Amino acid sequence: MPEPTVATMDKIVSLCKRRGFIFPASEIYGGIANTYDYGHYGVLLKNNVIGEWWKAMIQERDDIVALDSAIIQHPRTWEASGHLAGFTDPLVDCRTCKLRFRADHLGDVQCGRKPSKHPGEDAVCDLTDSREFNLMFETTIGPVKEAGATVFLRPETAQGIFLDFKQVLQFARRKPPFGIAQVGKSFRNEITPGNFIFRTLEFEQMEMEYFVPPDEAPRWYEHWLHERFEWYVRLGIERERLRLRAHDPDELSHYSSATSDVEYLFPIGWSELEGIANRGDFDLTQHAQHSGERLEYHDPQSGARFVPHVIEPAAGVGRSVLAFLCDAYDEDEIGGEKRTVLRLHPALAPVKVAVLPLLRKDGHPELAREVYEGLRRRMKAEYDEGGAIGRRYRRQDEIGTPFAVTIDHQSLEDRTVTVRERDSLQQQRVAIDALAGHLQARLDPDPA
Ligand code: ATP
């Protein structure tokens with residue numbers, strides 16, 4: 001049986017806060033439900049995750065193009081997609097404690113009066129019948145609420161891709177199989193609380209719609225299951241803590257003939273990281289009917305016309321960040337002292353190298369600055385001269401910096417520095433002139 005890492009959700013939350021990765025939003029006003037802000041290292045980590053996704057979609061293939069569609073689309077979009085009628089959660093209210101719960105998550109949350117019990121378990125609980133509640137956030141276009149048009153913040157990025165299918169087909173001169181990829185914010189009025197950034201009201205998605213001839217859909221579905229699973233493994237997640245789980249027939253969305261989730265063994269148990277669905281021709285057909293536009297592929301050579309089927313890998317940025325953090329989190333001991341370390345893949349690490357003068361005098365800072373200036377043009381580097389060297393190493397370990405370069409007395413004599421590796425703690429002397437090349441080779445040992 002695979003084991004989760006030594007990370008607990010509390011440890012991750014506290015490390016994220018301590019080092020300024022991620023923290024509750026609007027904290028000076030007491031916070032706001034299920035909403036978080038990303039600080040400096042959090043932004044760098046998140047951007048690296050997104051960058052690796054784009055790399056896998058665009059740089060390493062030539063059958064996918066990029067798109068950035070609007071968050072607020074024409075309201076009929078959500079009629080056609082089925083979100084207006086069907087994107088709902090079943091909710092119950094408790095007349096006693098006045099709290100609202102998801103009827104299908106009662107076992108995951110605490111009773112408002114008796115936290116040791118679940119809602120409905122205590123004699124004083126008085127739950128209403130469950131009602132369907134739409135997860136889309138509504139707003140209004142125009143200055144007067146009553147006279148304005150009601151619109152919605154998108155609950156997924158995918159629909160913008162379907163709306164632009166015809167455009168992309170024309171300007172990108174593609175023929176199926178080809179994909180359209182997009183990264184952006186989505187919004188859902190989620191009421192299940194807790195679990196840090198696992199489930200938030202606003203979150204970024206990395207979604208790609210892959211349009212294929214109908215008879216090729218099963219083959220491409222298998223292809224994307226494999227590709228997406230291996231992406232997480234390549235970026236350092238332990239294979240044993242990942243699994244693919246196929247949806248049971250009664251779990252499938254109405255439009256999907258097959259869906260599998262990539263699940264990760266989070267500290268809260270196996271949970272969805274990404275969904276990969278065979279959506280058939282549902283979306284293009286619906287938008288064609290509602291808009292009156294023909295959304296199909298016409299092969300100019302053979303004259304054949306068909307509505308492509310769609311394979312969709314849909315991942316969450318925040319959930320991926322959380323999985324990478326949990327998997328990288330480790331604790332060990334150096335010289336009898338406990339160390340917390342993030343063993344992040346170098347491609348994801350917010351900072352690649354820290355430059356540390358041993359002393360704050362005797363010419364160390366001047367040479368260290370020179371080394372830093374030479375490195376920062378090539379990779380994300382950080383200069384730090386504050387505090388004891390051990391504490392500075394510890395700080396870099398906690399943010400997952402793969403290498404620390406130390407400038408000492410010997411450096412002034414022979415222009416060499418010490419390179420300390422985060423995971424093995426091995427130290428090696430390297431000439432300053434060869435330093436950037438040395439680090440680059442170790443950061444990306446297999447650039448091919
Ligand atoms: P869940 O069952 O956990 O609510 P879902 O099946 O509704 O998720 P999808 O609609 O398939 O999720 O969205 C694709 C991905 O977007 C999810 O795998 C997840 O990574 C991410 N995601 C969805 N909802 C949220 C949310 N509220 N907060 C953070 N990430 C989310």
# chains A, B, ... in the order shown; residues from 1 in each chain; ligands from 1
>>> residues_near_ligand(ligand="ligand 1", cutoff="10 Å", atoms="only C-alpha atoms and all ligand atoms", output="mmCIF file with C-alpha atoms, in the first residue's frame")
data_model
loop_
_atom_site.group_PDB
_atom_site.id
_atom_site.type_symbol
_atom_site.label_atom_id
_atom_site.label_comp_id
_atom_site.auth_asym_id
_atom_site.auth_seq_id
_atom_site.Cartn_x
_atom_site.Cartn_y
_atom_site.Cartn_z
ATOM 1 C CA ASN A 34 -12.258 29.158 0.682
ATOM 2 C CA THR A 35 -10.169 31.969 -0.804
ATOM 3 C CA PHE A 87 -24.331 22.568 -12.722
ATOM 4 C CA ASP A 89 -24.847 20.672 -5.845
ATOM 5 C CA LEU A 135 -22.561 26.789 -8.494
ATOM 6 C CA PRO A 155 -17.209 27.781 -13.976
ATOM 7 C CA GLU A 156 -14.718 26.171 -16.396
ATOM 8 C CA THR A 157 -12.445 27.456 -19.150
ATOM 9 C CA ALA A 158 -13.509 24.767 -21.631
ATOM 10 C CA LYS A 185 -9.416 31.480 -13.748
ATOM 11 C CA SER A 186 -12.701 29.729 -13.148
ATOM 12 C CA PHE A 187 -15.227 30.390 -10.402
ATOM 13 C CA ARG A 188 -17.540 28.086 -8.458
ATOM 14 C CA ASN A 189 -19.695 28.898 -5.478
ATOM 15 C CA GLU A 190 -18.414 25.924 -3.482
ATOM 16 C CA ILE A 191 -19.679 25.562 0.041
ATOM 17 C CA THR A 192 -17.635 22.593 1.300
ATOM 18 C CA PHE A 196 -6.672 24.619 2.101
ATOM 19 C CA ILE A 197 -6.366 25.248 -1.681
ATOM 20 C CA PHE A 198 -7.864 21.885 -2.666
ATOM 21 C CA ARG A 199 -11.281 23.444 -3.216
ATOM 22 C CA THR A 200 -11.551 27.209 -3.584
ATOM 23 C CA LEU A 201 -14.131 29.652 -4.917
ATOM 24 C CA GLU A 202 -11.809 30.919 -7.626
ATOM 25 C CA PHE A 203 -9.125 28.745 -9.112
ATOM 26 C CA GLU A 204 -7.028 28.429 -12.219
ATOM 27 C CA GLN A 205 -7.587 25.604 -14.652
ATOM 28 C CA MET A 206 -5.325 24.173 -17.335
ATOM 29 C CA GLU A 207 -7.694 22.710 -19.920
ATOM 30 C CA SER A 253 -21.607 13.317 -16.805
ATOM 31 C CA THR A 259 -13.984 9.754 -17.834
ATOM 32 C CA SER A 260 -11.016 8.967 -15.625
ATOM 33 C CA ASP A 261 -9.509 11.023 -12.858
ATOM 34 C CA VAL A 262 -5.830 11.282 -12.101
ATOM 35 C CA GLU A 263 -5.897 10.995 -8.314
ATOM 36 C CA SER A 271 -8.523 12.808 -4.354
ATOM 37 C CA GLU A 272 -8.939 14.151 -7.873
ATOM 38 C CA LEU A 273 -6.110 16.155 -9.404
ATOM 39 C CA GLU A 274 -7.313 16.168 -12.982
ATOM 40 C CA GLY A 275 -10.193 14.753 -15.023
ATOM 41 C CA ILE A 276 -9.784 13.310 -18.525
ATOM 42 C CA ALA A 277 -13.069 12.933 -20.382
ATOM 43 C CA GLU A 312 -10.544 16.850 -22.590
ATOM 44 C CA PRO A 313 -7.779 16.754 -19.997
ATOM 45 C CA ALA A 314 -8.829 19.317 -17.332
ATOM 46 C CA ALA A 315 -6.417 20.036 -14.503
ATOM 47 C CA GLY A 316 -6.448 22.485 -11.601
ATOM 48 C CA VAL A 317 -3.389 24.680 -11.011
ATOM 49 C CA GLY A 318 -3.972 25.012 -7.255
ATOM 50 C CA ARG A 319 -4.553 21.294 -6.784
ATOM 51 C CA SER A 320 -1.391 20.517 -8.741
ATOM 52 C CA VAL A 321 0.570 23.030 -6.640
#
>>> residues_around(residues="stretch 396-411 of chain A", least_positions_apart="4", cutoff="9 Å", atoms="only C-alpha atoms", output="PyMOL selection string")
chain A and resi 15+19+21+41+328-329+339-346+348-359+362-365+367-368+371+389+391-392+415-423+431-432+439+443
>>> closest_residue(among="A:Ala149, A:Met57, A:Ile268, A:Val307", to="A:Gln73", atoms="only C-alpha atoms")
A:Ala149
>>> closest_residue(among="A:Pro115, A:Gly31, A:Gly107, A:Gly20", to="A:Val43", atoms="only C-alpha atoms")
A:Gly20
>>> closest_residue(among="A:Arg377, A:Gly51, A:Asp327, A:Lys166", to="A:Arg239", atoms="only C-alpha atoms")
A:Asp327
>>> select_by_dssp(residues="stretch 268-355 of chain A", states="strand (DSSP E)", output="ChimeraX atom specification")
/A:269-280,297-298,305-306,309-316,329-334,337-342,353-355
>>> closest_residue(among="A:Pro176, A:Asn48, A:Arg395, A:Lys338", to="A:Arg18", atoms="only C-alpha atoms")
A:Arg395
>>> closest_residue(among="A:Val168, A:Leu44, A:Ala258, A:Cys111", to="A:Lys380", atoms="only C-alpha atoms")
A:Leu44
>>> atom_distance(atom1="atom CA of A:Gly236", atom2="atom CA of A:His40")
22.1 Å
>>> closest_residue(among="A:Leu295, A:Val310, A:Ala181, A:Ala217", to="A:Ile161", atoms="only C-alpha atoms")
A:Ala181
>>> select_by_dssp(residues="stretch 136-229 of chain A", states="alpha helix (DSSP H)", output="VMD selection string")
chain A and resid 158 to 163 165 to 171 217 to 229
>>> write_last_selection(atoms="N, CA and C atoms", output="PDB file, in the first residue's frame")
ATOM      1  N   ALA A 158     -13.283  25.552 -20.416  1.00  0.00           N
ATOM      2  CA  ALA A 158     -13.509  24.767 -21.631  1.00  0.00           C
ATOM      3  C   ALA A 158     -14.474  25.419 -22.619  1.00  0.00           C
ATOM      4  N   GLN A 159     -15.574  26.028 -22.096  1.00  0.00           N
ATOM      5  CA  GLN A 159     -16.610  26.503 -23.038  1.00  0.00           C
ATOM      6  C   GLN A 159     -16.086  27.591 -23.966  1.00  0.00           C
ATOM      7  N   GLY A 160     -15.178  28.429 -23.477  1.00  0.00           N
ATOM      8  CA  GLY A 160     -14.585  29.465 -24.340  1.00  0.00           C
ATOM      9  C   GLY A 160     -13.880  28.836 -25.536  1.00  0.00           C
ATOM     10  N   ILE A 161     -13.321  27.672 -25.320  1.00  0.00           N
ATOM     11  CA  ILE A 161     -12.630  26.964 -26.409  1.00  0.00           C
ATOM     12  C   ILE A 161     -13.639  26.522 -27.468  1.00  0.00           C
ATOM     13  N   PHE A 162     -14.779  25.982 -27.018  1.00  0.00           N
ATOM     14  CA  PHE A 162     -15.785  25.527 -27.997  1.00  0.00           C
ATOM     15  C   PHE A 162     -16.348  26.719 -28.787  1.00  0.00           C
ATOM     16  N   LEU A 163     -16.547  27.868 -28.083  1.00  0.00           N
ATOM     17  CA  LEU A 163     -17.101  29.034 -28.781  1.00  0.00           C
ATOM     18  C   LEU A 163     -16.151  29.518 -29.879  1.00  0.00           C
ATOM     19  N   PHE A 165     -14.008  27.580 -31.563  1.00  0.00           N
ATOM     20  CA  PHE A 165     -13.565  26.456 -32.403  1.00  0.00           C
ATOM     21  C   PHE A 165     -13.440  26.863 -33.881  1.00  0.00           C
ATOM     22  N   LYS A 166     -14.471  27.560 -34.380  1.00  0.00           N
ATOM     23  CA  LYS A 166     -14.498  27.913 -35.806  1.00  0.00           C
ATOM     24  C   LYS A 166     -13.373  28.887 -36.166  1.00  0.00           C
ATOM     25  N   GLN A 167     -13.196  29.872 -35.283  1.00  0.00           N
ATOM     26  CA  GLN A 167     -12.114  30.853 -35.479  1.00  0.00           C
ATOM     27  C   GLN A 167     -10.767  30.154 -35.605  1.00  0.00           C
ATOM     28  N   VAL A 168     -10.505  29.290 -34.625  1.00  0.00           N
ATOM     29  CA  VAL A 168      -9.191  28.647 -34.562  1.00  0.00           C
ATOM     30  C   VAL A 168      -8.991  27.754 -35.787  1.00  0.00           C
ATOM     31  N   LEU A 169     -10.046  27.065 -36.174  1.00  0.00           N
ATOM     32  CA  LEU A 169      -9.979  26.189 -37.348  1.00  0.00           C
ATOM     33  C   LEU A 169      -9.511  27.003 -38.561  1.00  0.00           C
ATOM     34  N   GLN A 170     -10.021  28.239 -38.666  1.00  0.00           N
ATOM     35  CA  GLN A 170      -9.657  29.072 -39.822  1.00  0.00           C
ATOM     36  C   GLN A 170      -8.247  29.633 -39.708  1.00  0.00           C
ATOM     37  N   PHE A 171      -7.954  30.325 -38.574  1.00  0.00           N
ATOM     38  CA  PHE A 171      -6.666  31.027 -38.545  1.00  0.00           C
ATOM     39  C   PHE A 171      -5.492  30.109 -38.262  1.00  0.00           C
ATOM     40  N   ALA A 217     -11.711   8.585 -31.371  1.00  0.00           N
ATOM     41  CA  ALA A 217     -11.831   9.100 -29.995  1.00  0.00           C
ATOM     42  C   ALA A 217     -11.317   8.118 -28.936  1.00  0.00           C
ATOM     43  N   PRO A 218     -11.663   6.825 -29.000  1.00  0.00           N
ATOM     44  CA  PRO A 218     -11.190   5.922 -27.933  1.00  0.00           C
ATOM     45  C   PRO A 218      -9.657   5.864 -27.855  1.00  0.00           C
ATOM     46  N   ARG A 219      -9.008   5.893 -29.022  1.00  0.00           N
ATOM     47  CA  ARG A 219      -7.547   5.806 -29.046  1.00  0.00           C
ATOM     48  C   ARG A 219      -6.923   7.065 -28.415  1.00  0.00           C
ATOM     49  N   TRP A 220      -7.465   8.234 -28.744  1.00  0.00           N
ATOM     50  CA  TRP A 220      -6.911   9.477 -28.201  1.00  0.00           C
ATOM     51  C   TRP A 220      -7.214   9.622 -26.711  1.00  0.00           C
ATOM     52  N   TYR A 221      -8.337   9.074 -26.287  1.00  0.00           N
ATOM     53  CA  TYR A 221      -8.651   9.076 -24.845  1.00  0.00           C
ATOM     54  C   TYR A 221      -7.543   8.340 -24.090  1.00  0.00           C
ATOM     55  N   GLU A 222      -7.184   7.154 -24.565  1.00  0.00           N
ATOM     56  CA  GLU A 222      -6.106   6.376 -23.931  1.00  0.00           C
ATOM     57  C   GLU A 222      -4.787   7.152 -23.979  1.00  0.00           C
ATOM     58  N   HIS A 223      -4.525   7.785 -25.122  1.00  0.00           N
ATOM     59  CA  HIS A 223      -3.293   8.562 -25.274  1.00  0.00           C
ATOM     60  C   HIS A 223      -3.197   9.624 -24.193  1.00  0.00           C
ATOM     61  N   TRP A 224      -4.280  10.386 -23.970  1.00  0.00           N
ATOM     62  CA  TRP A 224      -4.227  11.488 -23.012  1.00  0.00           C
ATOM     63  C   TRP A 224      -4.206  11.004 -21.570  1.00  0.00           C
ATOM     64  N   LEU A 225      -4.822   9.849 -21.297  1.00  0.00           N
ATOM     65  CA  LEU A 225      -4.701   9.283 -19.936  1.00  0.00           C
ATOM     66  C   LEU A 225      -3.229   9.069 -19.625  1.00  0.00           C
ATOM     67  N   HIS A 226      -2.529   8.465 -20.574  1.00  0.00           N
ATOM     68  CA  HIS A 226      -1.115   8.150 -20.381  1.00  0.00           C
ATOM     69  C   HIS A 226      -0.279   9.433 -20.280  1.00  0.00           C
ATOM     70  N   GLU A 227      -0.475  10.351 -21.218  1.00  0.00           N
ATOM     71  CA  GLU A 227       0.312  11.585 -21.252  1.00  0.00           C
ATOM     72  C   GLU A 227       0.187  12.372 -19.952  1.00  0.00           C
ATOM     73  N   ARG A 228      -1.047  12.524 -19.498  1.00  0.00           N
ATOM     74  CA  ARG A 228      -1.267  13.379 -18.330  1.00  0.00           C
ATOM     75  C   ARG A 228      -0.738  12.720 -17.057  1.00  0.00           C
ATOM     76  N   PHE A 229      -0.902  11.407 -16.941  1.00  0.00           N
ATOM     77  CA  PHE A 229      -0.376  10.702 -15.765  1.00  0.00           C
ATOM     78  C   PHE A 229       1.147  10.881 -15.709  1.00  0.00           C
TER      79      PHE A 229
END
>>> residues_around(residues="A:Phe211", least_positions_apart="6", cutoff="7 Å", atoms="only C-alpha atoms", output="VMD selection string")
chain A and resid 176 to 179 308 to 311
